[in-house]
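S.K.: My structure is stored as data-v8.txt, with compact mmCIF, N, CA and C atoms.
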# COMPACT_ATOMS: atom_id res chain seq x y z
N MET U 1 67.96 92.86 147.57
CA MET U 1 68.39 94.09 146.93
C MET U 1 69.62 93.84 146.06
N SER U 2 69.60 94.37 144.86
CA SER U 2 70.74 94.18 143.98
C SER U 2 71.73 95.33 144.14
N THR U 3 72.97 95.03 143.84
CA THR U 3 74.00 96.07 143.93
C THR U 3 73.94 96.95 142.68
N PRO U 4 74.20 98.24 142.83
CA PRO U 4 74.15 99.12 141.66
C PRO U 4 75.27 98.79 140.67
N LYS U 5 74.98 99.01 139.40
CA LYS U 5 75.99 98.74 138.37
C LYS U 5 77.13 99.74 138.47
N LYS U 6 78.32 99.24 138.24
CA LYS U 6 79.50 100.10 138.28
C LYS U 6 79.54 100.94 137.01
N LYS U 7 79.81 102.23 137.16
CA LYS U 7 79.87 103.13 136.01
C LYS U 7 81.13 102.83 135.19
N PRO U 8 81.01 102.72 133.85
CA PRO U 8 82.20 102.42 133.05
C PRO U 8 83.21 103.56 133.10
N GLY U 9 84.48 103.18 132.95
CA GLY U 9 85.56 104.16 132.99
C GLY U 9 85.62 105.00 131.72
N VAL U 10 86.60 105.88 131.69
CA VAL U 10 86.74 106.81 130.57
C VAL U 10 87.10 106.06 129.28
N LEU U 11 87.93 105.05 129.38
CA LEU U 11 88.41 104.35 128.18
C LEU U 11 87.67 103.03 127.95
N TRP U 12 86.44 102.92 128.41
CA TRP U 12 85.74 101.65 128.33
C TRP U 12 85.52 101.17 126.91
N LEU U 13 85.37 102.07 125.95
CA LEU U 13 85.15 101.64 124.56
C LEU U 13 86.36 100.92 123.97
N LEU U 14 87.56 101.28 124.42
CA LEU U 14 88.75 100.63 123.89
C LEU U 14 88.84 99.17 124.29
N PHE U 15 88.25 98.82 125.42
CA PHE U 15 88.40 97.47 125.93
C PHE U 15 87.08 96.73 126.04
N TYR U 16 86.02 97.26 125.44
CA TYR U 16 84.72 96.62 125.49
C TYR U 16 84.64 95.52 124.44
N GLY U 17 83.98 94.45 124.74
CA GLY U 17 83.78 93.39 123.76
C GLY U 17 84.65 92.18 124.06
N ARG U 18 84.81 91.34 123.05
CA ARG U 18 85.55 90.10 123.28
C ARG U 18 87.04 90.38 123.39
N ARG U 19 87.72 89.48 124.00
CA ARG U 19 89.15 89.59 124.23
C ARG U 19 89.89 89.46 122.90
N ARG U 20 90.84 90.35 122.66
CA ARG U 20 91.63 90.31 121.43
C ARG U 20 92.96 89.63 121.70
N ARG U 21 93.48 88.97 120.67
CA ARG U 21 94.78 88.32 120.81
C ARG U 21 95.70 88.83 119.72
N GLY U 22 96.97 88.81 120.00
CA GLY U 22 97.95 89.19 118.99
C GLY U 22 98.29 90.67 119.04
N PHE U 23 99.13 91.05 118.14
CA PHE U 23 99.62 92.43 118.07
C PHE U 23 98.68 93.28 117.21
N PRO U 24 98.36 94.50 117.62
CA PRO U 24 97.46 95.36 116.81
C PRO U 24 98.20 95.97 115.63
N TRP U 25 98.33 95.22 114.56
CA TRP U 25 99.11 95.65 113.39
C TRP U 25 98.52 96.86 112.70
N LEU U 26 97.20 96.96 112.65
CA LEU U 26 96.58 98.11 111.99
C LEU U 26 96.91 99.40 112.74
N LEU U 27 96.81 99.37 114.05
CA LEU U 27 97.14 100.54 114.86
C LEU U 27 98.61 100.92 114.69
N ALA U 28 99.50 99.93 114.71
CA ALA U 28 100.92 100.21 114.53
C ALA U 28 101.19 100.79 113.14
N GLY U 29 100.51 100.26 112.12
CA GLY U 29 100.68 100.78 110.77
C GLY U 29 100.22 102.21 110.63
N VAL U 30 99.09 102.53 111.24
CA VAL U 30 98.57 103.90 111.18
C VAL U 30 99.51 104.87 111.89
N LEU U 31 100.00 104.47 113.07
CA LEU U 31 100.92 105.33 113.81
C LEU U 31 102.23 105.52 113.05
N PHE U 32 102.74 104.45 112.43
CA PHE U 32 103.96 104.56 111.64
C PHE U 32 103.76 105.47 110.44
N THR U 33 102.63 105.34 109.78
CA THR U 33 102.34 106.19 108.62
C THR U 33 102.23 107.66 109.03
N LEU U 34 101.58 107.91 110.16
CA LEU U 34 101.49 109.29 110.65
C LEU U 34 102.87 109.86 110.98
N LEU U 35 103.72 109.05 111.55
CA LEU U 35 105.08 109.49 111.86
C LEU U 35 105.86 109.82 110.60
N VAL U 36 105.78 108.95 109.60
CA VAL U 36 106.50 109.18 108.34
C VAL U 36 105.95 110.42 107.63
N LEU U 37 104.64 110.56 107.59
CA LEU U 37 104.06 111.74 106.94
C LEU U 37 104.44 113.02 107.68
N GLY U 38 104.46 112.97 108.99
CA GLY U 38 104.87 114.14 109.77
C GLY U 38 106.32 114.51 109.53
N LEU U 39 107.18 113.49 109.42
CA LEU U 39 108.59 113.77 109.18
C LEU U 39 108.86 114.32 107.78
N THR U 40 108.03 113.96 106.81
CA THR U 40 108.25 114.48 105.46
C THR U 40 108.02 115.98 105.39
N PHE U 41 107.21 116.51 106.29
CA PHE U 41 107.00 117.96 106.29
C PHE U 41 108.19 118.70 106.87
N ALA U 42 109.10 118.00 107.56
CA ALA U 42 110.30 118.63 108.08
C ALA U 42 111.38 118.74 107.01
N ILE U 43 111.26 117.97 105.94
CA ILE U 43 112.24 118.01 104.84
C ILE U 43 111.95 119.24 103.99
N PRO U 44 112.99 120.01 103.64
CA PRO U 44 112.76 121.15 102.75
C PRO U 44 112.19 120.68 101.41
N GLY U 45 111.10 121.27 101.00
CA GLY U 45 110.44 120.89 99.75
C GLY U 45 109.45 119.75 99.91
N GLY U 46 109.35 119.19 101.09
CA GLY U 46 108.43 118.07 101.32
C GLY U 46 106.98 118.47 101.18
N VAL U 47 106.66 119.70 101.56
CA VAL U 47 105.28 120.19 101.46
C VAL U 47 104.85 120.27 100.00
N ASP U 48 105.75 120.72 99.14
CA ASP U 48 105.42 120.83 97.72
C ASP U 48 105.22 119.46 97.09
N VAL U 49 106.00 118.49 97.53
CA VAL U 49 105.84 117.12 97.02
C VAL U 49 104.47 116.59 97.41
N TRP U 50 104.04 116.85 98.65
CA TRP U 50 102.73 116.37 99.09
C TRP U 50 101.59 117.08 98.39
N ARG U 51 101.79 118.36 98.07
CA ARG U 51 100.75 119.07 97.31
C ARG U 51 100.55 118.45 95.94
N ALA U 52 101.63 117.94 95.35
CA ALA U 52 101.53 117.34 94.02
C ALA U 52 100.98 115.92 94.07
N THR U 53 101.33 115.15 95.10
CA THR U 53 100.94 113.74 95.14
C THR U 53 99.66 113.46 95.92
N ALA U 54 99.25 114.39 96.78
CA ALA U 54 98.08 114.15 97.63
C ALA U 54 96.80 113.84 96.85
N PRO U 55 96.49 114.57 95.77
CA PRO U 55 95.26 114.22 95.04
C PRO U 55 95.26 112.80 94.49
N PHE U 56 96.41 112.33 94.01
CA PHE U 56 96.48 110.96 93.48
C PHE U 56 96.36 109.93 94.59
N LEU U 57 97.02 110.20 95.72
CA LEU U 57 96.95 109.26 96.84
C LEU U 57 95.54 109.20 97.43
N LEU U 58 94.90 110.34 97.58
CA LEU U 58 93.54 110.35 98.11
C LEU U 58 92.55 109.71 97.14
N GLY U 59 92.75 109.93 95.85
CA GLY U 59 91.91 109.28 94.86
C GLY U 59 92.07 107.77 94.89
N ALA U 60 93.30 107.30 95.02
CA ALA U 60 93.55 105.86 95.10
C ALA U 60 92.95 105.28 96.37
N LEU U 61 93.04 106.01 97.47
CA LEU U 61 92.45 105.55 98.73
C LEU U 61 90.94 105.44 98.62
N LEU U 62 90.30 106.42 98.00
CA LEU U 62 88.86 106.36 97.79
C LEU U 62 88.47 105.20 96.89
N LEU U 63 89.25 104.97 95.84
CA LEU U 63 88.97 103.87 94.92
C LEU U 63 89.09 102.52 95.62
N VAL U 64 90.13 102.35 96.42
CA VAL U 64 90.31 101.10 97.15
C VAL U 64 89.17 100.90 98.15
N ALA U 65 88.74 101.97 98.82
CA ALA U 65 87.63 101.86 99.77
C ALA U 65 86.34 101.48 99.07
N LEU U 66 86.09 102.06 97.90
CA LEU U 66 84.88 101.71 97.15
C LEU U 66 84.90 100.27 96.69
N VAL U 67 86.04 99.82 96.17
CA VAL U 67 86.16 98.44 95.71
C VAL U 67 85.99 97.47 96.88
N ALA U 68 86.57 97.79 98.02
CA ALA U 68 86.43 96.92 99.19
C ALA U 68 84.98 96.88 99.68
N ALA U 69 84.29 98.02 99.64
CA ALA U 69 82.90 98.04 100.07
C ALA U 69 82.01 97.24 99.11
N ILE U 70 82.26 97.37 97.82
CA ILE U 70 81.47 96.60 96.85
C ILE U 70 81.76 95.11 96.99
N ALA U 71 83.03 94.75 97.15
CA ALA U 71 83.38 93.34 97.32
C ALA U 71 82.77 92.77 98.59
N ALA U 72 82.75 93.54 99.66
CA ALA U 72 82.16 93.06 100.91
C ALA U 72 80.65 92.90 100.80
N SER U 73 80.02 93.75 100.01
CA SER U 73 78.57 93.63 99.87
C SER U 73 78.17 92.47 98.97
N LEU U 74 79.02 92.11 98.03
CA LEU U 74 78.72 91.00 97.12
C LEU U 74 79.08 89.64 97.71
N ARG U 75 80.05 89.60 98.57
CA ARG U 75 80.50 88.35 99.16
C ARG U 75 79.54 87.93 100.27
N PRO U 76 79.03 86.71 100.23
CA PRO U 76 78.10 86.29 101.28
C PRO U 76 78.84 86.09 102.61
N ARG U 77 78.12 86.34 103.70
CA ARG U 77 78.69 86.17 105.04
C ARG U 77 78.77 84.71 105.41
N ARG U 78 79.77 84.38 106.20
CA ARG U 78 79.88 83.02 106.70
C ARG U 78 78.90 82.83 107.86
N ARG U 79 78.23 81.72 107.87
CA ARG U 79 77.29 81.41 108.95
C ARG U 79 78.04 80.58 109.98
N ARG U 80 77.79 80.88 111.24
CA ARG U 80 78.45 80.11 112.30
C ARG U 80 77.49 79.13 112.90
How does the structure come out when it is put into structure tokens?
M.R.:
Amino acid sequence: MSTPKKKPGVLWLLFYGRRRRGFPWLLAGVLFTLLVLGLTFAIPGGVDVWRATAPFLLGALLLVALVAAIAASLRPRRRR
């Protein structure tokens, strides 16, 4: 008789897969950016500045994402 499989925990997706090494720089960068953006709304007039710059920043973000997706699709994958 085999033993029943253990049910995965609540946070199993965060730790599933191969072992990671090093510092999670992307996560730290996202958290830092969220903190800075949140603090800018505490500055008087900060909301108006974001209303003016948000369309340009979002457009640039979309453009960078499109260029990265096209570059990734054109670049051949490395074979192991």
S.K.: Suppose you want the space between atom N of Leu39 of chain U and atom CA of Leu62 of chain U; what is it in Å?
M.R.: 22.8 Å
S.K.: Between atom N of Val49 of chain U and atom C of Val67 of chain U, measure the distance and give it in Å to one decimal.
M.R.: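 Those two atoms sit 29.0 Å apart.
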S.K.: What does the distance from atom CA of Gly22 of chain U to atom CA of Arg78 of chain U come to in Å, to one decimal?
M.R.: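 Going from atom CA of Gly22 of chain U over to atom CA of Arg78 of chain U covers 22.7 Å.
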S.K.: As a ChimeraX atom specification, list the residues of chain U assigned to alpha helix (DSSP H) by DSSP on the backbone atoms of this structure.
M.R.: /U:12-15,25-40,46-74
